[in-house]
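Colleague: Can you keep this structure in mind? I'll have questions shortly.
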Amino acid sequence: MRRFALAAAVLTAGVAWAHVPVGQVFPAVQFPDGKTPTIDGSIAEWDIIPSPYWITHEQLTETVIGVGTAFDATDMALRAIVGWNNTANKMYMLEDRFDNAIWVTTGWEPLEWEFDADHSGGMFNVWPDVTDQTQKDRLHGAQAQDYGWNQGGPGLNAWHKAQWHYSPPWGQFAKTQTCDEGGEGFFHAEYMWTGWNDLDWNGPSTSVIHDLNENDIVGMNITIIDDDNPTEGGYEGYWVLSGATDSYYQGDLLSDFLLSPIDPDINWGAQVTAVEDQSWGRIKSTFAE
């Protein structure tokens with residue numbers, strides 16, 4: 001069975017390249033040519049991808065206020081899927097979030113992720129010992145990049161001076177949500193981005209794009225913040241896939257993701273490309289499967 005082959009590949013990769021959590025590698029599904037998601041905020045195209053490729057709230061650890069792994073899915077729940085395509089040389093991600101009080105667009109509840117395409121590790125942000133601002137600007141985000149939702153701004157954002165690479169053709173973002181800010185509902189987002197061996201904030205002509213290849217391991221972390229009442233101190237957690245708070249600037253603390261081969265068990269011919277009418281019960285049930 002393909003699932004067994006995937007598990008064996010992940011186990012082998014984990015032994016050779018483990019970051020954190022130690023000994024675990026998460027699969028990034030490979031989209032065949034012609035089946036990459038349209039970045040429009042609709043999640044229907046992702047429904048064909050089975051649960052072994054999902055990242056859920058059950059795999060996250062709260063690292064700031066001491067909640068640990070005691071995630072309350074009635075407060076916030078997450079299904080994320082990381083994908084890639086060889087021909088486009090791009091990464092993709094789905095964010096399918098339930099929240100009892102959505103404050104993503106105007107508050108401070110972003111999903112953030114860090115990406116180290118060449119798996120080189122090391123510091124890629126902060127640089128407290130560098131005093132020269134020109135040098136600091138060049139170092140920030142050069143060998144790995146930190147992305148997130150910028151409330152009140154353009155949407156997708158990068159936490160360093162290089163801001164051009166989250167826009168087409170290098171990056172793209174789209175979102176939808178089922179309720180107004182502060183209400184209970186779903187926040188859906190799709191992301192596309194480029195991997196870089198060396199990202200120079202001055203532009204693509206002085207930057208080096210990473211060549212994504214099947215069975216390679218890349219470094220990546222996913223963090224989601226819950227803040228149910230941003231005006232009155234409703235902060236409820238900093239939930240991290242790697243389990244390390246400092247993964248927002250330290251590449252050695254990212255998790256390992258396998259750029260999986262095309263999965264023959266996925267019926268790509270059945271992929272839906274239009275928004276489906278999905279009941280609350282059906283969507284919520286995905287968080288318990």
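Chains: A, B, ... in order of the structure tokens. Residues: from 1 per chain. Ligands: from 1, in order shown.
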Give me the residues within 10 Å of Gly66 of chain A as JSON, numbers by chain, counting only C-alpha atoms and dropping any in the same chain fewer than 3 places off.
Modeller: {"A": [61, 62, 63, 69, 70, 236, 237, 238]}
Colleague: Output the selection as a CSV table (one decimal), in the first residue's frame - N, CA and C atoms for each residue.
Modeller:
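Saved result, again-v6.csv, follows:
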chain,number,residue,atom,x,y,z
A,61,THR,N,2.0,22.5,20.0
A,61,THR,CA,2.3,22.7,21.4
A,61,THR,C,2.3,24.1,21.7
A,62,GLU,N,1.6,24.5,22.8
A,62,GLU,CA,1.6,25.9,23.2
A,62,GLU,C,2.8,26.2,24.0
A,63,THR,N,3.6,27.2,23.7
A,63,THR,CA,5.0,27.3,24.3
A,63,THR,C,5.2,28.6,25.1
A,69,THR,N,0.0,20.9,25.5
A,69,THR,CA,-0.7,20.2,24.4
A,69,THR,C,-2.2,20.1,24.7
A,70,ALA,N,-2.7,20.9,25.7
A,70,ALA,CA,-4.1,20.8,26.1
A,70,ALA,C,-4.9,21.8,25.2
A,236,GLU,N,-4.6,33.7,24.2
A,236,GLU,CA,-4.9,32.3,24.7
A,236,GLU,C,-3.8,31.3,24.2
A,237,GLY,N,-2.8,31.8,23.5
A,237,GLY,CA,-1.8,30.8,23.2
A,237,GLY,C,-1.0,31.1,21.9
A,238,TYR,N,0.2,30.5,22.0
A,238,TYR,CA,1.2,30.5,20.8
A,238,TYR,C,1.5,29.1,20.5
Colleague: DSSP on the backbone, strand (DSSP E) only: what residues of segment 2-229 of chain A does that give? Format it as a PyMOL selection string.
Modeller: chain A and resi 25-30+54-56+61-62+76-85+90-99+111-116+145-150+155-158+172-177+185-193+196-198+208-209+217-227
Colleague: Restricting the calculation to only C-alpha atoms, which member of A:Leu254, A:Thr206, A:Trp239, A:Pro168 is positioned closest to Glu58 of chain A?
Modeller: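 The shortest atom-to-atom distance to Glu58 of chain A comes from A:Trp239.
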Colleague: Counting only C-alpha atoms, which of A:Glu95, A:Asp118, A:Asp226, A:Asp146 gets nearest to Asp211 of chain A?
Modeller: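 Comparing A:Glu95, A:Asp118, A:Asp226, A:Asp146 against Asp211 of chain A, the winner is A:Asp118.
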Colleague: Select from segment 223-271 of chain A every residue with an atom at most 6 Å from any atom of segment 19-36 of chain A, then for each give the shortest pair of atoms and their distance in Å to one decimal, using only C-alpha atoms, rows by chain and rising number, as a tab-separated table.
Modeller:
residue	atom	partner	partner_atom	distance
A:Ser242	CA	A:Val20	CA	5.4
A:Leu253	CA	A:Val20	CA	5.8
A:Ser255	CA	A:Val20	CA	4.9
A:Asp256	CA	A:Val25	CA	4.9
A:Phe257	CA	A:Phe26	CA	4.6
A:Leu258	CA	A:Pro27	CA	4.8
A:Leu259	CA	A:Ala28	CA	5.2
A:Ser260	CA	A:Val29	CA	5.6
A:Ile262	CA	A:Gln30	CA	5.2
Colleague: Write the residues of the selection above to a file with N, CA and C atoms, as a PDB file, in the first residue's frame.
Modeller:
ATOM      1  N   SER A 242       6.728  22.826  15.800  1.00  0.00           N
ATOM      2  CA  SER A 242       8.030  22.306  16.230  1.00  0.00           C
ATOM      3  C   SER A 242       8.122  22.162  17.739  1.00  0.00           C
ATOM      4  N   LEU A 253      15.588  24.855  14.702  1.00  0.00           N
ATOM      5  CA  LEU A 253      14.394  24.510  15.468  1.00  0.00           C
ATOM      6  C   LEU A 253      13.164  24.332  14.587  1.00  0.00           C
ATOM      7  N   SER A 255      10.800  22.180  11.814  1.00  0.00           N
ATOM      8  CA  SER A 255      10.459  20.783  11.596  1.00  0.00           C
ATOM      9  C   SER A 255      10.877  20.350  10.204  1.00  0.00           C
ATOM     10  N   ASP A 256      10.985  19.041  10.015  1.00  0.00           N
ATOM     11  CA  ASP A 256      11.362  18.472   8.722  1.00  0.00           C
ATOM     12  C   ASP A 256      10.117  18.099   7.924  1.00  0.00           C
ATOM     13  N   PHE A 257      10.095  18.518   6.667  1.00  0.00           N
ATOM     14  CA  PHE A 257       9.029  18.152   5.740  1.00  0.00           C
ATOM     15  C   PHE A 257       9.637  17.449   4.534  1.00  0.00           C
ATOM     16  N   LEU A 258       9.040  16.332   4.155  1.00  0.00           N
ATOM     17  CA  LEU A 258       9.456  15.565   2.993  1.00  0.00           C
ATOM     18  C   LEU A 258       8.686  16.043   1.763  1.00  0.00           C
ATOM     19  N   LEU A 259       9.391  16.394   0.694  1.00  0.00           N
ATOM     20  CA  LEU A 259       8.747  16.716  -0.575  1.00  0.00           C
ATOM     21  C   LEU A 259       8.366  15.390  -1.234  1.00  0.00           C
ATOM     22  N   SER A 260       7.138  14.954  -0.978  1.00  0.00           N
ATOM     23  CA  SER A 260       6.705  13.605  -1.316  1.00  0.00           C
ATOM     24  C   SER A 260       6.594  13.389  -2.821  1.00  0.00           C
ATOM     25  N   ILE A 262       4.560  11.918  -6.125  1.00  0.00           N
ATOM     26  CA  ILE A 262       3.132  11.927  -6.440  1.00  0.00           C
ATOM     27  C   ILE A 262       2.497  10.650  -5.884  1.00  0.00           C
TER      28      ILE A 262
END
Colleague: Tell me, as JSON, numbers by chain, which residues lie within 9 Å of Ala77 of chain A, counting only C-alpha atoms; anything in the same chain fewer than 4 positions away does not count.
Modeller: {"A": [56, 57, 58, 71, 72, 73, 96, 97, 98, 99, 284, 287]}
Colleague: Segment 96-205 of chain A near segment 45-48 of chain A within 12 Å: what's each residue's closest atom pair and its distance in Å to one decimal, counting only C-alpha atoms, ordered by chain then ascending residue number, as a Markdown table?
Modeller:
| residue | atom | partner | partner_atom | distance |
| --- | --- | --- | --- | --- |
| A:Asp96 | CA | A:Trp46 | CA | 10.0 |
| A:His188 | CA | A:Trp46 | CA | 11.3 |
| A:Ala189 | CA | A:Trp46 | CA | 11.3 |
| A:Glu190 | CA | A:Trp46 | CA | 9.8 |
Colleague: For N, CA and C atoms, I'd like the residues from the last selection saved as an mmCIF file, in the first residue's frame.
Modeller:
data_model
loop_
_atom_site.group_PDB
_atom_site.id
_atom_site.type_symbol
_atom_site.label_atom_id
_atom_site.label_comp_id
_atom_site.auth_asym_id
_atom_site.auth_seq_id
_atom_site.Cartn_x
_atom_site.Cartn_y
_atom_site.Cartn_z
ATOM 1 N N ASP A 96 -7.166 25.913 7.186
ATOM 2 C CA ASP A 96 -8.596 25.679 7.395
ATOM 3 C C ASP A 96 -8.812 25.756 8.904
ATOM 4 N N HIS A 188 -10.517 30.571 6.068
ATOM 5 C CA HIS A 188 -9.863 29.730 5.069
ATOM 6 C C HIS A 188 -8.840 30.564 4.318
ATOM 7 N N ALA A 189 -7.637 30.050 4.153
ATOM 8 C CA ALA A 189 -6.613 30.770 3.411
ATOM 9 C C ALA A 189 -5.786 29.788 2.598
ATOM 10 N N GLU A 190 -5.313 30.278 1.441
ATOM 11 C CA GLU A 190 -4.380 29.531 0.611
ATOM 12 C C GLU A 190 -3.140 30.385 0.395
#
